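Report on the structure given below.
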Amino acid sequence: MIEILDTTLRDGEQTQGVSFTEREKLDITKSLLTEVRVDRIELASALTGEQEQECVRRIARWANANGFSECLEVLGFVDLRSSAQWIRDCGCQVMNLLCKGSLRHVEGQLGKTARQHLDDVRQTVMTASDMGLTVNVYLEDWSNGMSQSRDYVMELAGMLASLPVRRIMLSDTLGVLNPQTTFEYCGEMTAAFPEVHFDFHAHNDYELAVANVFSAVRAGIRGVHTTVNGLGERAGNASLASVMAVVRDQLGMELNLNEKNITRLSRLVEMDSGIRIPQNKPIVGQNVFTQCAGVHADGDAKDNLYTGALIPERFGRVREYALGKNSGRANVRKNLEAMGIELDDESMRKVTERIVELGDKKEQLTQDDLPYIVSDVLHHDSDREQRIRILNYSLMLAQGLRPSATVMIEINGKPYQDSASGDGQYDAFVKALRKIYASLDKPFPVLTDYTVSIPPGGRTDAFVQTIISWNLNGQDFRTRGLDADQTEAAIKATIKMLNKIEND
């Protein structure tokens with residue numbers, strides 16, 4: 001069983017611009033521990049301000065009342081007693097002591113010898129333990145320590161193994177490791193100290209954090225550190241969702257985590273942190289369970305040919321089939337089936353052509369848009385003979401000049417053209433049509449209402465729905481047009497109106 005410590009609320013809050021409120025920290029804590037069920041969380045750093053201390057107290061009260069007291073951990077420092085006292089005053093029971101895992105840090109940052117730092121660490125551990133705290137120890141910059149001062153690292157780890165320390169946490173603080181060096185260094189630690197519980201703390205500077213976690217677990221590491229959505233300083237930490245999937249699927253190891261709630265947690269942290277989840281981020285990204293190519297949808301329909309172990313239902317999601325320029329009938333059919341809509345083959349062909357037409361304009365469509373597209377296509381197709389068609393039109397908009405339009409339409413097989421200016425492009429278009437109809441002594445209705453809406457759930461860059469109300473000789477009626485462009489949608493509604501009058 002691999003333990004997961006999530007440090008979103010401590011290390012993740014070091015992301016540029018991220019600062020969680022007390023309410024947000026409590027909500028994230030509850031989701032991590034009760035919904036996703038991580039084993040441990042790192043809540044904060046000791047010796048921070050009074051407001052942070054009160055926040056930790058409040059979360060500790062909730063944790064103690066709900067059986068999670070040993071799951072809360074707080075970062076402490078090699079200061080003999082101060083950090084331990086701060087942590088105990090907050091009602092927490094576990095200190096993650098940050099000591100130097102490389103000789104360079106000891107000498108360059110602390111200005112001490114290795115022996116002096118080892119003595120300070122020993123005293124701090126023993127003091128915290130005597131105060132009733134459980135102590136884990138971070139080896140900061142351990143990865144560089146292994147490459148530059150291995151004897152020091154081994155001496156430090158040997159000392160910690162003899163003290164009341166529950167876990168030794170190996171930090172790739174600067175994200176310098178790769179899967180090969182991770183396996184080598186972690187393997188040395190687990191071989192030298194087989195009875196010690198080691199954690200591995202990865203950073204993502206080379207985008208290798210999750211791959212390094214993979215190697216660390218293979219080397220015998222028993223706990224790994226993550227953050228939700230990979231938050232963290234610089235390039236961030238190992239993503240909780242990705243680590244969860246890799247450990248289970250690629251390593252066949254057991255975890256306590258509940259996969260189904262990971263997406264909800266990721267969205268919660270996205271909202272609270274203000275850091276957007278990349279659309280192609282594994283497991284939780286918006287697009288990662290979306291098939292775009294029609295051939296993929298067809299293969300899934302026939303025998304789940306494009307479905308692997310990462311099925312969306314594991315993570316509280318559903319597979320989607322994108323609607324756009326690459327959509328085939330299989331994509332459209334999958335979306336319609338999900339909505340309980342059935343179409344015959346000919347209608348399916350026409351709806352697919354309409355979706356591809358919108359996709360060619362680089363518009364993004366959603367499943368929520370689909371009923372409106374179907375309704376528009378089938379209603380338009382059910383109209384009687386299209387006796388009036390647009391052959392061409394040109395709209396002009398220039399600063400300081402009134403909008404103008406030139407329109408060429410075909411009425412019963414004969415072309416007619418005229419131009420006009422107006423208060424807007426659509427107004428100019430309609431006035432040009434009126435001039436054509438006036439020259440033919442044909443009736444033209446009065447526009448009584450004009451509304452533009454985005455279908456519920458749709459995107460503003462997908463298409464708009466324009467509904468125009470008309471009155472002709474005392475009779476009211478409406479026509480509708482859909483398009484990615486508002487003016488084009490209105491023009492389509494207008495042509496439908498002209499055909500309706502001509503046919504009636």
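Ordering of the structure tokens sets the chain letters (A, B, ...); residue numbers start at 1 within each chain; ligands are numbered from 1 in the order shown.
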For segment 133-147 of chain A, find every residue with an atom within 9 Å (counting only C-alpha atoms), except residues of its own chain fewer than 2 positions away, and show them as a VMD selection string.
chain A and resid 70 73 75 84 87 to 88 92 to 105 125 127 to 131 149 to 154 156 to 157 160 164 to 177 181 to 182 185 199 201
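Taking atom CA of Ser404 of chain A as the reference point, atom CA of Ser419 of chain A is found at 7.3 Å.
Proximity to segment 421-428 of chain A at 8 Å, evaluated using only C-alpha atoms and with sequence-adjacent residues fewer than 5 positions away removed, yields A:Leu395, A:Met396, A:Leu397, A:Arg402, A:Pro403, A:Ser404, A:Ala405, A:Thr487, A:Ala490, A:Ile491.
The residue set within 12 Å of Arg23 of chain A, counting only C-alpha atoms and dropping same-chain residues fewer than 6 places from it, reads Thr29, Lys30, Glu52, Glu54, Cys55, Val56, Arg58, Ile59 and Asp272 of chain A.
Within segment 33-64 of chain A, DSSP applied to the backbone places the following residues in alpha helix (DSSP H): Glu50, Gln51, Glu52, Gln53, Glu54, Cys55, Val56, Arg57, Arg58, Ile59, Ala60, Arg61, Trp62, Ala63 and Asn64 of chain A.
Among the candidate residues A:Leu482, A:Ile411, A:Val106, A:Leu26, the one lying nearest to Ala60 of chain A is A:Leu26, with distances computed using only C-alpha atoms.
By chain and then residue number, the residues within 6 Å of Ala238 of chain A are Ala209, Val210, Thr226 and Gly230 of chain A, counting only C-alpha atoms and disregarding those fewer than 5 positions away in sequence.
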Go ahead and dump the residues you just picked, N, CA, C and O atoms, as a compact mmCIF listing (two decimals), in the first residue's frame.
# COMPACT_ATOMS: atom_id res chain seq x y z
N ALA A 209 8.01 15.00 -12.81
CA ALA A 209 7.62 14.72 -11.42
C ALA A 209 6.88 13.39 -11.30
O ALA A 209 7.20 12.56 -10.44
N VAL A 210 5.88 13.17 -12.14
CA VAL A 210 5.10 11.93 -12.05
C VAL A 210 5.95 10.73 -12.47
O VAL A 210 5.88 9.66 -11.85
N THR A 226 2.04 14.80 -3.26
CA THR A 226 1.34 15.33 -4.43
C THR A 226 0.72 16.68 -4.09
O THR A 226 0.65 17.08 -2.93
N GLY A 230 -1.30 19.66 -9.58
CA GLY A 230 0.14 19.91 -9.73
C GLY A 230 0.58 21.28 -9.29
O GLY A 230 1.63 21.76 -9.72
Close residues, segment 12-19 of chain A itself excluded, 6 Å, only C-alpha atoms, min 6 positions apart in chain, as a ChimeraX atom specification
/A:231-233,273
Go ahead and dump the residues you just picked, N, CA, C and O atoms, as an mmCIF file, in the first residue's frame.
data_model
loop_
_atom_site.group_PDB
_atom_site.id
_atom_site.type_symbol
_atom_site.label_atom_id
_atom_site.label_comp_id
_atom_site.auth_asym_id
_atom_site.auth_seq_id
_atom_site.Cartn_x
_atom_site.Cartn_y
_atom_site.Cartn_z
ATOM 1 N N LEU A 231 -0.198 21.937 -8.417
ATOM 2 C CA LEU A 231 0.208 23.252 -7.927
ATOM 3 C C LEU A 231 1.553 23.158 -7.213
ATOM 4 O O LEU A 231 1.933 22.103 -6.715
ATOM 5 N N GLY A 232 2.240 24.278 -7.133
ATOM 6 C CA GLY A 232 3.509 24.303 -6.423
ATOM 7 C C GLY A 232 4.421 25.373 -6.973
ATOM 8 O O GLY A 232 4.157 25.988 -8.008
ATOM 9 N N GLU A 233 5.515 25.582 -6.270
ATOM 10 C CA GLU A 233 6.468 26.612 -6.669
ATOM 11 C C GLU A 233 7.084 26.283 -8.032
ATOM 12 O O GLU A 233 7.262 25.120 -8.380
ATOM 13 N N SER A 273 -8.072 28.502 -6.195
ATOM 14 C CA SER A 273 -6.717 28.990 -6.461
ATOM 15 C C SER A 273 -6.672 30.035 -7.564
ATOM 16 O O SER A 273 -5.756 30.860 -7.623
#
Skipping near chain neighbours, those fewer than 5 positions away, what residues fall within 10 Å of Gly316 of chain A using only C-alpha atoms, listed as a VMD selection string?
chain A and resid 259 to 264 284 311
In terms of only C-alpha atoms, the residue from A:Ile373, A:Val36, A:Ile409, A:Leu5 at minimal distance from Ala202 of chain A is A:Leu5
Can you tell me how far atom CA of Ala191 of chain A sits from atom CA of Arg122 of chain A, in Å to one decimal?
23.2 Å
Hey, what does DSSP flag as strand (DSSP E or B) within segment 82-190 of chain A? Can you give it to me as a PyMOL selection string?
chain A and resi 94-100+134-140+167-171
Once you have the residues from the selection above, write them out as an mmCIF file, in the first residue's frame, restricted to N, CA and C atoms.
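Here's the written file selection.cif:
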data_model
loop_
_atom_site.group_PDB
_atom_site.id
_atom_site.type_symbol
_atom_site.label_atom_id
_atom_site.label_comp_id
_atom_site.auth_asym_id
_atom_site.auth_seq_id
_atom_site.Cartn_x
_atom_site.Cartn_y
_atom_site.Cartn_z
ATOM 1 N N VAL A 94 1.369 16.290 14.352
ATOM 2 C CA VAL A 94 2.455 15.796 13.503
ATOM 3 C C VAL A 94 3.270 16.971 12.981
ATOM 4 N N MET A 95 4.587 16.893 13.177
ATOM 5 C CA MET A 95 5.494 17.908 12.641
ATOM 6 C C MET A 95 6.349 17.296 11.546
ATOM 7 N N ASN A 96 6.408 17.969 10.405
ATOM 8 C CA ASN A 96 7.319 17.594 9.321
ATOM 9 C C ASN A 96 8.522 18.523 9.396
ATOM 10 N N LEU A 97 9.579 18.030 10.024
ATOM 11 C CA LEU A 97 10.753 18.857 10.293
ATOM 12 C C LEU A 97 11.591 19.019 9.029
ATOM 13 N N LEU A 98 11.891 20.262 8.685
ATOM 14 C CA LEU A 98 12.668 20.572 7.487
ATOM 15 C C LEU A 98 14.136 20.738 7.861
ATOM 16 N N CYS A 99 14.948 19.745 7.507
ATOM 17 C CA CYS A 99 16.385 19.879 7.740
ATOM 18 C C CYS A 99 17.111 19.845 6.407
ATOM 19 N N LYS A 100 18.397 20.070 6.424
ATOM 20 C CA LYS A 100 19.174 20.189 5.193
ATOM 21 C C LYS A 100 19.642 18.818 4.718
ATOM 22 N N THR A 134 4.307 13.568 16.826
ATOM 23 C CA THR A 134 4.902 12.636 15.883
ATOM 24 C C THR A 134 5.786 13.436 14.940
ATOM 25 N N VAL A 135 6.981 12.913 14.639
ATOM 26 C CA VAL A 135 7.927 13.678 13.830
ATOM 27 C C VAL A 135 8.268 12.921 12.554
ATOM 28 N N ASN A 136 8.078 13.592 11.431
ATOM 29 C CA ASN A 136 8.635 13.177 10.146
ATOM 30 C C ASN A 136 9.725 14.183 9.790
ATOM 31 N N VAL A 137 10.686 13.791 8.970
ATOM 32 C CA VAL A 137 11.784 14.710 8.659
ATOM 33 C C VAL A 137 11.987 14.815 7.155
ATOM 34 N N TYR A 138 11.930 16.037 6.653
ATOM 35 C CA TYR A 138 12.277 16.342 5.264
ATOM 36 C C TYR A 138 13.796 16.468 5.127
ATOM 37 N N LEU A 139 14.355 15.868 4.082
ATOM 38 C CA LEU A 139 15.736 16.123 3.708
ATOM 39 C C LEU A 139 15.710 17.087 2.521
ATOM 40 N N GLU A 140 15.749 18.380 2.824
ATOM 41 C CA GLU A 140 15.675 19.400 1.777
ATOM 42 C C GLU A 140 16.901 19.314 0.873
ATOM 43 N N ARG A 167 8.872 8.963 9.596
ATOM 44 C CA ARG A 167 9.145 8.916 8.158
ATOM 45 C C ARG A 167 10.297 9.852 7.821
ATOM 46 N N ILE A 168 11.117 9.436 6.871
ATOM 47 C CA ILE A 168 12.137 10.315 6.296
ATOM 48 C C ILE A 168 11.697 10.655 4.884
ATOM 49 N N MET A 169 11.634 11.945 4.584
ATOM 50 C CA MET A 169 11.020 12.406 3.340
ATOM 51 C C MET A 169 12.106 12.976 2.416
ATOM 52 N N LEU A 170 12.278 12.320 1.285
ATOM 53 C CA LEU A 170 13.367 12.627 0.359
ATOM 54 C C LEU A 170 12.890 13.646 -0.664
ATOM 55 N N SER A 171 13.493 14.826 -0.656
ATOM 56 C CA SER A 171 13.000 15.937 -1.473
ATOM 57 C C SER A 171 13.897 16.204 -2.682
#
